[in-house]
Structures are given as C-alpha cells and as structure tokens.
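Q: This structure is in structure tokens; I'll ask about it shortly.
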Amino acid sequence: MAIELDNSFTVPVPPEQAWDVLLDVERIAPCMPGASVTSVDGDQIEGQVKVKLGPLSLSYKGTAKFTEKDEASRTIAIEATGKETRGAGTASANVQASLKPDDAGTLVSIHTSLNVTGRPAQFGRSLLPEVSGKLIGEFASNLAALIEADSATATESEDSGDTESGHSPAATAAPAPAIKQEESLNAFKFVVVPILKRVIPVAAIGAAIAVVIRRLTRKKS
C-alpha cells in the first residue's frame, strides 16, 4: 500500500542550530518512540523500529540514507527501507524535509512517500496519517525537551566557569528531565484511544436521538 504523508513540527532554536541538531541522528534517535540506531557510517544509518497495536507487535530492521543535505536551502532528503524481523512485511520511504524560520524557532515541514506491505497495511489509509501525525508530535515534544536539557547543561557550564574566574554566577539552571525512550511505538495509545474518545460521544448522541425519534413515532402511532 502506497501513501503520501505531510507533517510538520517546530524546533525551539534558530534554523542554523536546528540543522545541526537534526543531522545528529544518533543523538536524536531516542526522541522517536520505538526507534533505535545501531550504526552510522557516513550518510548511511542502520537501525530498528518497533510498533505495537494492541496484541500486534511489529519490529523492523533496515537502513536509511541521506540522499541530499543542502545547508544553503536547508533541505534534507532520505531514502529508507526496512523488513519485518518476524514476518514478510516490508516498508520503504522517501522523505523530504525543509527548515524555515518560525516565530517559535524553526518550522520543519516533511513530505513522505511511504509504501508498506504485510500486516501494517491493515492499518488502512485512514489510520496511517493519524499514526504519523501522533508520532511526529511525540518526536517534536521529546526533541524540545532534549534541546532544553542541552541548554541547561550549557548554562551550568558557563556559570561554573564564571565562578572559577571570580565572577558572580548567574542563577543555577534547574536540571532538565532526561528523555524517556519508549520501547515501541504504541499506535493503540496514539491513535485508537483518541479515535474512540471522538467516536463514543458521537455514537452516544446518535443513540439518544434514535431513542427520542422512536418514542415520538410510537406516540404518533
């Protein structure tokens, strides 16, 4: 099943800093639920992604390769392929990302051409965009926390240097919480639960209307 996906998120730093952060794949990998990097060789990355949907657990191993890194225009292109470790399913993706200045720092826009076979195709075209949107949102939140942690560490280092130089130190920054790596992307938590929260109230209202209509019909009879 082939599908086109468009997502975006913000990084709370200027584009020139966000560029360096996003290219540090090994460092930011824990920000992506279920993702891990096993090796990096130049522009080629090997890794693993785990996905869980209720009783269905999937694990992919594969490679991703930067095919474009244009710092002048701040655009990135990646080709990725993967295969289920316990199944015949495959996944491939062409990803294009662009970085632009934003009021919050940097806006990262992503277009993905995704093709999946096997069990994940059961998610359907309607669920895959929702899965990708929730996944990107979780990644952006974790990435922001990572950047804040780096900033806090840098501030503490500067304050320590000022103290040793005999200068008055600035207020000590509170340590930022460590990023908690999720063992697998729990698509059930990200997608099914929110959908149920939207569907159940609508279904309840529909049922109530049906009851009222039925009672009115009986009275007319």
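Here, A, B, ... name the chains of the structure tokens in the order displayed, residue numbers run from 1 inside each chain, and ligands are numbered from 1 in the same displayed order.
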For A:Gly87, please output as a VMD selection string all residues within 10 Å (counting only C-alpha atoms; exclusion window: fewer than 2 positions along the same chain).

A: chain A and resid 58 to 60 83 to 85 89 to 90 118 to 119

Q: Mind checking which residues fall within 10 Å of A:Ala144, counting only C-alpha atoms, ignoring those fewer than 2 positions away in the same chain, and posting them as a PyMOL selection string?

A: chain A and resi 10-13+31+139-142+146-150+179

Q: Take the residues from that selection and put them in a file with C-alpha atoms, as a compact mmCIF listing (two decimals), in the first residue's frame.

A:
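So the final result, stored in again-v5.txt, reads:
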# COMPACT_ATOMS: atom_id res chain seq x y z
CA THR A 10 8.69 23.19 15.32
CA VAL A 11 12.14 23.14 16.88
CA PRO A 12 12.72 25.79 19.59
CA VAL A 13 16.04 27.02 18.14
CA CYS A 31 13.25 11.10 20.73
CA PHE A 139 9.12 13.22 18.49
CA ALA A 140 8.88 17.04 18.48
CA SER A 141 7.98 17.11 22.17
CA ASN A 142 10.91 14.87 23.10
CA LEU A 146 16.38 17.34 24.69
CA ILE A 147 17.30 20.82 23.42
CA GLU A 148 16.21 22.38 26.74
CA ALA A 149 18.38 19.85 28.58
CA ASP A 150 21.37 20.79 26.39
CA ILE A 179 14.32 11.83 27.63

Q: State, in Å with one decimal place, the distance from atom CA of A:Met32 to atom CA of A:Ile136.

A: 7.9 Å

Q: DSSP on the backbone, then: every residue of stretch 12-80 of chain A marked strand (DSSP E or B), written as a VMD selection string.

A: chain A and resid 35 to 41 44 to 53 56 to 70 75 to 80

Q: What does the structure give for the distance between atom CA of A:Ala29 and atom CA of A:Gly105, in Å to one decimal?

A: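 Spanning atom CA of A:Ala29 to atom CA of A:Gly105 is a straight-line distance of 20.7 Å.
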
Q: Counting only C-alpha atoms, which of A:Ala154, A:Val40, A:Ala35, A:Leu107 gets nearest to A:Pro15?

A: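 The shortest atom-to-atom distance to A:Pro15 comes from A:Leu107.
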
Q: Please, what distance in Å, to one decimal, runs between atom CA of A:Leu23 and atom CA of A:Thr155?

A: 23.0 Å
